[in-house]
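Student: Just so it is clear, I am handing over data.cif, which has mmCIF, C-alpha atoms.
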data_my_file
#
loop_
_atom_site.label_atom_id
_atom_site.label_comp_id
_atom_site.auth_asym_id
_atom_site.auth_seq_id
_atom_site.Cartn_x
_atom_site.Cartn_y
_atom_site.Cartn_z
CA GLN A 1 -7.96 17.82 -0.83
CA GLN A 2 -9.32 15.60 -3.60
CA PRO A 3 -8.54 17.21 -6.98
CA VAL A 4 -11.47 18.34 -9.05
CA GLN A 5 -11.74 17.04 -12.58
CA SER A 6 -13.71 18.70 -15.34
CA PRO A 7 -15.71 17.96 -17.29
CA GLN A 8 -17.31 14.99 -15.54
CA ALA A 9 -18.20 13.47 -18.89
CA VAL A 10 -17.65 14.22 -22.55
CA ILE A 11 -18.85 12.68 -25.79
CA LEU A 12 -16.77 13.01 -28.93
CA ARG A 13 -16.86 11.91 -32.53
CA GLU A 14 -13.79 10.12 -33.86
CA GLY A 15 -11.17 12.65 -34.87
CA GLU A 16 -12.30 15.36 -32.46
CA ASP A 17 -10.12 16.79 -29.72
CA ALA A 18 -10.75 16.95 -25.98
CA VAL A 19 -9.23 18.55 -22.91
CA ILE A 20 -9.62 17.20 -19.40
CA ASN A 21 -8.68 19.38 -16.47
CA CYS A 22 -7.52 18.50 -12.98
CA SER A 23 -7.39 21.22 -10.31
CA SER A 24 -6.08 21.03 -6.79
CA SER A 25 -6.45 23.31 -3.80
CA LYS A 26 -2.90 22.40 -2.74
CA ALA A 27 0.48 22.99 -4.34
CA LEU A 28 1.39 19.90 -6.27
CA TYR A 29 4.63 17.98 -6.63
CA SER A 30 3.40 15.62 -9.29
CA VAL A 31 0.34 14.72 -11.29
CA HIS A 32 -0.32 11.26 -12.68
CA TRP A 33 -2.84 10.45 -15.39
CA TYR A 34 -4.54 7.07 -15.81
CA ARG A 35 -7.25 5.69 -18.07
CA GLN A 36 -9.65 2.98 -17.00
CA LYS A 37 -11.89 1.10 -19.37
CA HIS A 38 -15.05 -0.47 -18.06
CA GLY A 39 -14.31 -3.61 -16.08
CA GLU A 40 -10.55 -3.20 -16.41
CA ALA A 41 -7.72 -1.89 -14.26
CA PRO A 42 -6.49 1.70 -14.60
CA VAL A 43 -3.63 2.04 -17.07
CA PHE A 44 -0.80 4.51 -16.61
CA LEU A 45 -0.62 7.32 -19.18
CA MET A 46 1.95 9.78 -17.87
CA ILE A 47 3.50 11.61 -14.95
CA LEU A 48 4.07 15.35 -14.80
CA LEU A 49 6.51 16.76 -12.32
CA LYS A 50 7.01 20.23 -10.98
CA GLY A 51 9.19 22.05 -13.43
CA GLY A 52 8.53 19.85 -16.43
CA GLU A 53 6.11 17.79 -18.41
CA GLN A 54 6.41 14.28 -19.69
CA LYS A 55 4.62 13.00 -22.76
CA GLY A 56 3.54 9.40 -22.48
CA HIS A 57 1.62 8.79 -25.69
CA GLU A 58 1.78 10.12 -29.26
CA LYS A 59 -1.60 11.83 -29.47
CA ILE A 60 -2.15 12.25 -25.76
CA SER A 61 -0.20 14.96 -24.01
CA ALA A 62 -0.50 16.94 -20.83
CA SER A 63 0.56 20.14 -19.19
CA PHE A 64 1.19 21.06 -15.59
CA ASN A 65 0.65 24.62 -14.41
CA GLU A 66 2.25 24.80 -10.99
CA LYS A 67 1.05 28.30 -10.22
CA LYS A 68 -2.55 27.43 -10.96
CA GLN A 69 -2.14 24.04 -9.29
CA GLN A 70 -3.72 22.31 -12.21
CA SER A 71 -2.98 19.89 -14.98
CA SER A 72 -4.69 19.39 -18.32
CA LEU A 73 -4.76 16.27 -20.47
CA TYR A 74 -5.04 16.81 -24.22
CA LEU A 75 -6.41 14.14 -26.51
CA THR A 76 -6.06 14.97 -30.18
CA ALA A 77 -7.72 13.28 -33.13
CA SER A 78 -9.54 10.93 -30.77
CA GLN A 79 -9.93 7.28 -31.61
CA LEU A 80 -12.55 4.79 -30.46
CA SER A 81 -9.90 3.23 -28.22
CA TYR A 82 -9.65 6.45 -26.22
CA SER A 83 -13.03 5.76 -24.61
CA GLY A 84 -12.86 5.22 -20.87
CA THR A 85 -12.64 7.09 -17.61
CA TYR A 86 -9.63 9.31 -17.10
CA PHE A 87 -8.29 9.88 -13.61
CA CYS A 88 -5.72 12.33 -12.38
CA GLY A 89 -3.77 11.39 -9.27
CA THR A 90 -2.00 14.15 -7.41
CA GLU A 91 0.78 14.22 -4.87
CA PRO A 92 0.85 17.49 -2.96
CA TRP A 93 4.05 19.16 -1.85
CA GLY A 94 4.96 17.83 1.55
CA GLY A 95 2.60 14.95 1.05
CA SER A 96 3.33 11.41 2.05
CA GLN A 97 5.43 9.32 -0.26
CA GLY A 98 3.35 7.46 -2.78
CA ASN A 99 0.02 8.69 -1.49
CA LEU A 100 -1.75 9.61 -4.68
CA ILE A 101 -5.04 11.45 -4.26
CA PHE A 102 -7.27 10.73 -7.22
CA GLY A 103 -9.99 12.84 -8.75
CA LYS A 104 -13.41 11.31 -9.38
CA GLY A 105 -12.67 10.83 -13.03
CA THR A 106 -13.84 12.11 -16.42
CA LYS A 107 -15.82 9.69 -18.56
CA LEU A 108 -14.87 10.01 -22.21
CA SER A 109 -16.97 8.37 -24.92
CA VAL A 110 -15.78 8.40 -28.51
CA LYS A 111 -18.43 7.61 -31.13
CA PRO A 112 -17.79 6.58 -34.74
CA LYS B 1 6.86 -9.68 -18.25
CA ALA B 2 3.87 -10.85 -16.26
CA GLY B 3 1.57 -8.14 -14.97
CA VAL B 4 0.19 -7.56 -11.52
CA THR B 5 -2.00 -10.40 -10.33
CA GLN B 6 -4.64 -10.30 -7.65
CA THR B 7 -6.50 -13.13 -6.01
CA PRO B 8 -9.29 -13.84 -5.64
CA ARG B 9 -11.02 -11.85 -8.36
CA TYR B 10 -14.44 -12.00 -6.72
CA LEU B 11 -15.47 -12.49 -3.14
CA ILE B 12 -18.76 -12.49 -1.28
CA LYS B 13 -18.64 -12.16 2.49
CA THR B 14 -21.08 -11.54 5.31
CA ARG B 15 -21.01 -8.58 7.67
CA GLY B 16 -18.70 -9.22 10.61
CA GLN B 17 -16.44 -11.63 8.77
CA GLN B 18 -12.88 -10.90 7.79
CA VAL B 19 -11.19 -11.18 4.42
CA THR B 20 -7.66 -11.40 3.06
CA LEU B 21 -6.77 -10.26 -0.44
CA SER B 22 -3.52 -11.03 -2.21
CA CYS B 23 -1.41 -9.12 -4.71
CA SER B 24 1.66 -10.24 -6.63
CA PRO B 25 3.55 -7.32 -8.15
CA ILE B 26 5.51 -7.23 -11.37
CA SER B 27 8.84 -8.97 -10.99
CA GLY B 28 11.44 -6.53 -9.72
CA HIS B 29 8.93 -4.06 -8.33
CA ARG B 30 9.39 -3.38 -4.65
CA SER B 31 6.49 -1.03 -3.97
CA VAL B 32 2.88 -2.14 -3.66
CA SER B 33 0.01 0.25 -3.07
CA TRP B 34 -3.60 -0.64 -2.30
CA TYR B 35 -6.67 1.34 -3.34
CA GLN B 36 -10.38 1.05 -2.74
CA GLN B 37 -12.59 2.01 -5.67
CA THR B 38 -16.30 2.76 -5.28
CA PRO B 39 -18.72 4.62 -7.56
CA GLY B 40 -19.29 7.32 -4.95
CA GLN B 41 -15.78 7.96 -3.68
CA GLY B 42 -13.68 6.92 -6.64
CA LEU B 43 -10.14 5.68 -6.08
CA GLN B 44 -8.99 6.04 -2.49
CA PHE B 45 -5.52 5.24 -1.23
CA LEU B 46 -5.31 2.64 1.51
CA PHE B 47 -1.60 2.07 2.10
CA GLU B 48 1.74 1.53 0.45
CA TYR B 49 4.45 -1.00 1.23
CA PHE B 50 8.06 -0.92 0.23
CA SER B 51 10.58 -3.58 1.16
CA GLU B 52 8.21 -5.13 3.71
CA THR B 53 7.60 -1.79 5.48
CA GLN B 54 4.43 0.21 5.44
CA ARG B 55 5.63 3.54 4.17
CA ASN B 56 2.34 5.37 3.95
CA LYS B 57 -1.24 4.96 5.06
CA GLY B 58 -4.45 6.56 3.88
CA ASN B 59 -7.43 7.65 5.91
CA PHE B 60 -9.06 4.30 6.61
CA PRO B 61 -9.99 2.71 9.93
CA GLY B 62 -7.72 0.25 11.65
CA ARG B 63 -9.87 -2.63 10.39
CA PHE B 64 -7.89 -2.30 7.19
CA SER B 65 -4.38 -3.65 7.45
CA GLY B 66 -1.75 -5.06 5.20
CA ARG B 67 1.67 -6.56 4.96
CA GLN B 68 4.35 -7.28 2.43
CA PHE B 69 6.57 -10.30 2.20
CA SER B 70 10.22 -10.57 1.27
CA ASN B 71 9.30 -11.49 -2.31
CA SER B 72 7.27 -8.23 -2.52
CA ARG B 73 3.94 -10.01 -2.59
CA SER B 74 1.42 -8.19 -0.48
CA GLU B 75 -1.76 -8.99 1.35
CA MET B 76 -4.44 -6.76 2.75
CA ASN B 77 -6.85 -7.77 5.45
CA VAL B 78 -10.19 -6.30 6.39
CA SER B 79 -11.65 -7.39 9.69
CA THR B 80 -15.22 -7.05 10.92
CA LEU B 81 -16.58 -6.36 7.48
CA GLU B 82 -19.26 -3.70 7.01
CA LEU B 83 -21.67 -3.25 4.12
CA GLY B 84 -19.78 -0.10 3.13
CA ASP B 85 -16.65 -2.14 2.51
CA SER B 86 -18.17 -3.48 -0.68
CA ALA B 87 -15.86 -2.20 -3.39
CA LEU B 88 -13.26 -3.03 -5.97
CA TYR B 89 -9.87 -3.35 -4.29
CA LEU B 90 -6.96 -2.59 -6.55
CA CYS B 91 -3.31 -3.05 -5.93
CA ALA B 92 -0.64 -1.30 -7.93
CA SER B 93 3.04 -2.07 -8.15
CA SER B 94 5.92 0.20 -9.04
CA LEU B 95 9.67 -0.01 -9.04
CA VAL B 96 10.29 2.18 -6.05
CA GLY B 97 6.99 3.98 -5.43
CA GLY B 98 6.75 7.65 -4.70
CA ALA B 99 5.72 10.64 -6.74
CA VAL B 100 7.86 9.91 -9.78
CA SER B 101 7.18 6.24 -10.16
CA GLU B 102 4.49 5.00 -12.54
CA GLN B 103 2.11 2.47 -11.08
CA TYR B 104 0.82 -0.66 -12.74
CA PHE B 105 -2.56 -1.79 -11.53
CA GLY B 106 -3.83 -5.31 -11.11
CA PRO B 107 -7.31 -6.38 -12.26
CA GLY B 108 -8.71 -5.95 -8.77
CA THR B 109 -10.73 -8.01 -6.33
CA ARG B 110 -14.46 -7.31 -6.29
CA LEU B 111 -15.63 -7.65 -2.68
CA THR B 112 -19.32 -7.79 -1.92
CA VAL B 113 -20.42 -7.68 1.71
CA THR B 114 -23.96 -8.86 2.45
#
Mind converting the file's structure to structure tokens?
Tutor:
Amino acid sequence: QQPVQSPQAVILREGEDAVINCSSSKALYSVHWYRQKHGEAPVFLMILLKGGEQKGHEKISASFNEKKQQSSLYLTASQLSYSGTYFCGTEPWGGSQGNLIFGKGTKLSVKP
Amino acid sequence: KAGVTQTPRYLIKTRGQQVTLSCSPISGHRSVSWYQQTPGQGLQFLFEYFSETQRNKGNFPGRFSGRQFSNSRSEMNVSTLELGDSALYLCASSLVGGAVSEQYFGPGTRLTVT
């Protein structure tokens, strides 16, 4: 039931792009994306709902493919500040209110 | 606006003891969710409270319990601590909770059980 994130880790140079995927075995109602820097709390990035997508940040966007039961997070022209672990949190259709099931995370490192 | 606060930030307990963690949500937020974060399992949902009622519960044993007060502050309690309970415990607040509500996480309480 836990969504699968890929890749597990990625290393980029500043200015490069990255895609992080989140796949579920269940039909999803919503997908949440968070970023957590080492030693800090996760920070909300965006929510994607069935039937639409919501952009939370200028150079970070995401898509939600309901049929494939997956979401992808796109980071363009990466900056050093993008480094951290990215988590997707999913709420399946018919799932309990507010019960987000998180993936294990994708560790992103941006080098100068 | 003040963020989510959690106390204490660090805690060391012995097996068999019990512990109470506290979370103060952002002013105006009525939903508080609790998560356990470990390197092996990642972020796992414990429970969610809304207007003093537990609305949802994750797959954790009954040793884990919580409550929410009328001012939306929440506490979680773990009784009969086990070594495997060592983790970072995060609380997150949101306006109304649910699938469409963004969550704001606190800094967490690092619990070490020896």
Student: Mind checking which residues fall within 10 Å of Ala9 in chain A, counting only C-alpha atoms, ignoring those fewer than 3 positions away in the same chain, and posting them as a PyMOL selection string?
Tutor: chain A and resi 5-6+20+85-86+105-109
Student: Write the selection just made, keeping C-alpha atoms, as a PDB file, in the frame of the given file?
Tutor:
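This went into result_10.pdb:
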ATOM      1  CA  GLN A   5     -11.740  17.040 -12.580  1.00  0.00           C
ATOM      2  CA  SER A   6     -13.710  18.700 -15.340  1.00  0.00           C
ATOM      3  CA  ILE A  20      -9.620  17.200 -19.400  1.00  0.00           C
ATOM      4  CA  THR A  85     -12.640   7.090 -17.610  1.00  0.00           C
ATOM      5  CA  TYR A  86      -9.630   9.310 -17.100  1.00  0.00           C
ATOM      6  CA  GLY A 105     -12.670  10.830 -13.030  1.00  0.00           C
ATOM      7  CA  THR A 106     -13.840  12.110 -16.420  1.00  0.00           C
ATOM      8  CA  LYS A 107     -15.820   9.690 -18.560  1.00  0.00           C
ATOM      9  CA  LEU A 108     -14.870  10.010 -22.210  1.00  0.00           C
ATOM     10  CA  SER A 109     -16.970   8.370 -24.920  1.00  0.00           C
TER      11      SER A 109
END
Student: State, in Å with one decimal place, the distance from CA of Lys13 in chain B to CA of Ser74 in chain B.
Tutor: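 Rounded to one decimal, the two atoms are 20.7 Å apart.
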Student: Within 8 Å of chain A, which residues of chain B show up when using only C-alpha atoms, listed as number ranges by chain?
Tutor: B: 33, 41-45, 47-48, 55-58, 90, 97-100, 102-108
Student: Spell out the residues picked by the PyMOL selection byres ((chain B and resi 23) around 10) here, as a list in words.
Tutor: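 For this structure, the PyMOL selection byres ((chain B and resi 23) around 10) captures Val4, Thr5, Gln6, Thr7, Pro8, Leu21, Ser22, Ser24, Pro25, Ile26, Val32, Ser33, Trp34, Gln68, Ser72, Arg73, Ser74, Glu75, Met76, Leu90, Cys91, Ala92, Ser93, Gly106, Pro107, Gly108 and Thr109 of chain B.
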Student: Can you work out the spacing between CA of Gly28 in chain B and CA of Asn77 in chain B in Å, to one decimal?
Tutor: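 A separation of 23.8 Å between them.
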Student: Quick one: pull the distance between CA of Ser83 in chain A and CA of Ala18 in chain A, Å, one decimal.
Tutor: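 Atom-to-atom, CA of Ser83 in chain A and CA of Ala18 in chain A are spaced 11.5 Å apart.
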Student: Translate the PyMOL selection byres ((chain B and resi 88) around 9) into a concrete residue list for this structure, as a list in words.
Tutor: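 What the PyMOL selection byres ((chain B and resi 88) around 9) grabs from the file is Tyr35, Gln36, Gln37, Thr38, Ser86, Ala87, Tyr89, Leu90, Gly108, Thr109, Arg110, Leu111 and Thr112 of chain B.
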Student: Write out, as a PDB file, in the frame of the given file, the residues just selected, with C-alpha atoms.
Tutor:
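So part19.pdb came out as:
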ATOM      1  CA  TYR B  35      -6.670   1.340  -3.340  1.00  0.00           C
ATOM      2  CA  GLN B  36     -10.380   1.050  -2.740  1.00  0.00           C
ATOM      3  CA  GLN B  37     -12.590   2.010  -5.670  1.00  0.00           C
ATOM      4  CA  THR B  38     -16.300   2.760  -5.280  1.00  0.00           C
ATOM      5  CA  SER B  86     -18.170  -3.480  -0.680  1.00  0.00           C
ATOM      6  CA  ALA B  87     -15.860  -2.200  -3.390  1.00  0.00           C
ATOM      7  CA  TYR B  89      -9.870  -3.350  -4.290  1.00  0.00           C
ATOM      8  CA  LEU B  90      -6.960  -2.590  -6.550  1.00  0.00           C
ATOM      9  CA  GLY B 108      -8.710  -5.950  -8.770  1.00  0.00           C
ATOM     10  CA  THR B 109     -10.730  -8.010  -6.330  1.00  0.00           C
ATOM     11  CA  ARG B 110     -14.460  -7.310  -6.290  1.00  0.00           C
ATOM     12  CA  LEU B 111     -15.630  -7.650  -2.680  1.00  0.00           C
ATOM     13  CA  THR B 112     -19.320  -7.790  -1.920  1.00  0.00           C
TER      14      THR B 112
END
Student: Of the candidates A:Leu75, A:Ala62, A:Lys111, A:Gly94, which shows the shortest atom-to-atom distance to Asp17 in chain A, using all atoms listed in the file?
Tutor: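 That would be A:Leu75, the residue with the smallest distance to Asp17 in chain A.
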Student: Name the residues, using the chain letters and numbers of the file, that sit within 10 Å of (-12.0, -10.5, 3.7) when counting all atoms listed in the file, and give them as a ChimeraX atom specification.
Tutor: /B:11-14,16-21,64,76-81,85,111-113
Student: Now that the selection is made, can you save its residues with C-alpha atoms as a compact mmCIF listing (two decimals), in the frame of the given file?
Tutor:
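Saved as result22.txt:
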# COMPACT_ATOMS: atom_id res chain seq x y z
CA LEU B 11 -15.47 -12.49 -3.14
CA ILE B 12 -18.76 -12.49 -1.28
CA LYS B 13 -18.64 -12.16 2.49
CA THR B 14 -21.08 -11.54 5.31
CA GLY B 16 -18.70 -9.22 10.61
CA GLN B 17 -16.44 -11.63 8.77
CA GLN B 18 -12.88 -10.90 7.79
CA VAL B 19 -11.19 -11.18 4.42
CA THR B 20 -7.66 -11.40 3.06
CA LEU B 21 -6.77 -10.26 -0.44
CA PHE B 64 -7.89 -2.30 7.19
CA MET B 76 -4.44 -6.76 2.75
CA ASN B 77 -6.85 -7.77 5.45
CA VAL B 78 -10.19 -6.30 6.39
CA SER B 79 -11.65 -7.39 9.69
CA THR B 80 -15.22 -7.05 10.92
CA LEU B 81 -16.58 -6.36 7.48
CA ASP B 85 -16.65 -2.14 2.51
CA LEU B 111 -15.63 -7.65 -2.68
CA THR B 112 -19.32 -7.79 -1.92
CA VAL B 113 -20.42 -7.68 1.71
Student: Could you tell me which residues the PyMOL selection byres ((chain A and resi 21) around 9) grabs in this file, written as a list in words?
Tutor: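 Checking the PyMOL selection byres ((chain A and resi 21) around 9) against this file, the residues are Val4, Gln5, Ser6, Pro7, Val19, Ile20, Cys22, Ser23, Gln70, Ser71, Ser72, Leu73, Tyr74, Cys88 and Thr106 of chain A.
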Student: For the selection just defined, write its residues with C-alpha atoms to a file, as a short mmCIF file (atom, residue, chain, number, x, y, z; two decimals), in the frame of the given file.
Tutor:
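Okay, out16.cif is ready:
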data_model
loop_
_atom_site.label_atom_id
_atom_site.label_comp_id
_atom_site.auth_asym_id
_atom_site.auth_seq_id
_atom_site.Cartn_x
_atom_site.Cartn_y
_atom_site.Cartn_z
CA VAL A 4 -11.47 18.34 -9.05
CA GLN A 5 -11.74 17.04 -12.58
CA SER A 6 -13.71 18.70 -15.34
CA PRO A 7 -15.71 17.96 -17.29
CA VAL A 19 -9.23 18.55 -22.91
CA ILE A 20 -9.62 17.20 -19.40
CA CYS A 22 -7.52 18.50 -12.98
CA SER A 23 -7.39 21.22 -10.31
CA GLN A 70 -3.72 22.31 -12.21
CA SER A 71 -2.98 19.89 -14.98
CA SER A 72 -4.69 19.39 -18.32
CA LEU A 73 -4.76 16.27 -20.47
CA TYR A 74 -5.04 16.81 -24.22
CA CYS A 88 -5.72 12.33 -12.38
CA THR A 106 -13.84 12.11 -16.42
#
Student: Write out as AutoDock Vina command-line options an axis-aligned box for range 82-88 of chain A: all of its atoms listed in the file, 5 Å added on each side, centre and edge lengths in Å with one decimal.
Tutor:
--center_x -9.4 --center_y 8.8 --center_z -19.3 --size_x 17.3 --size_y 17.1 --size_z 23.8
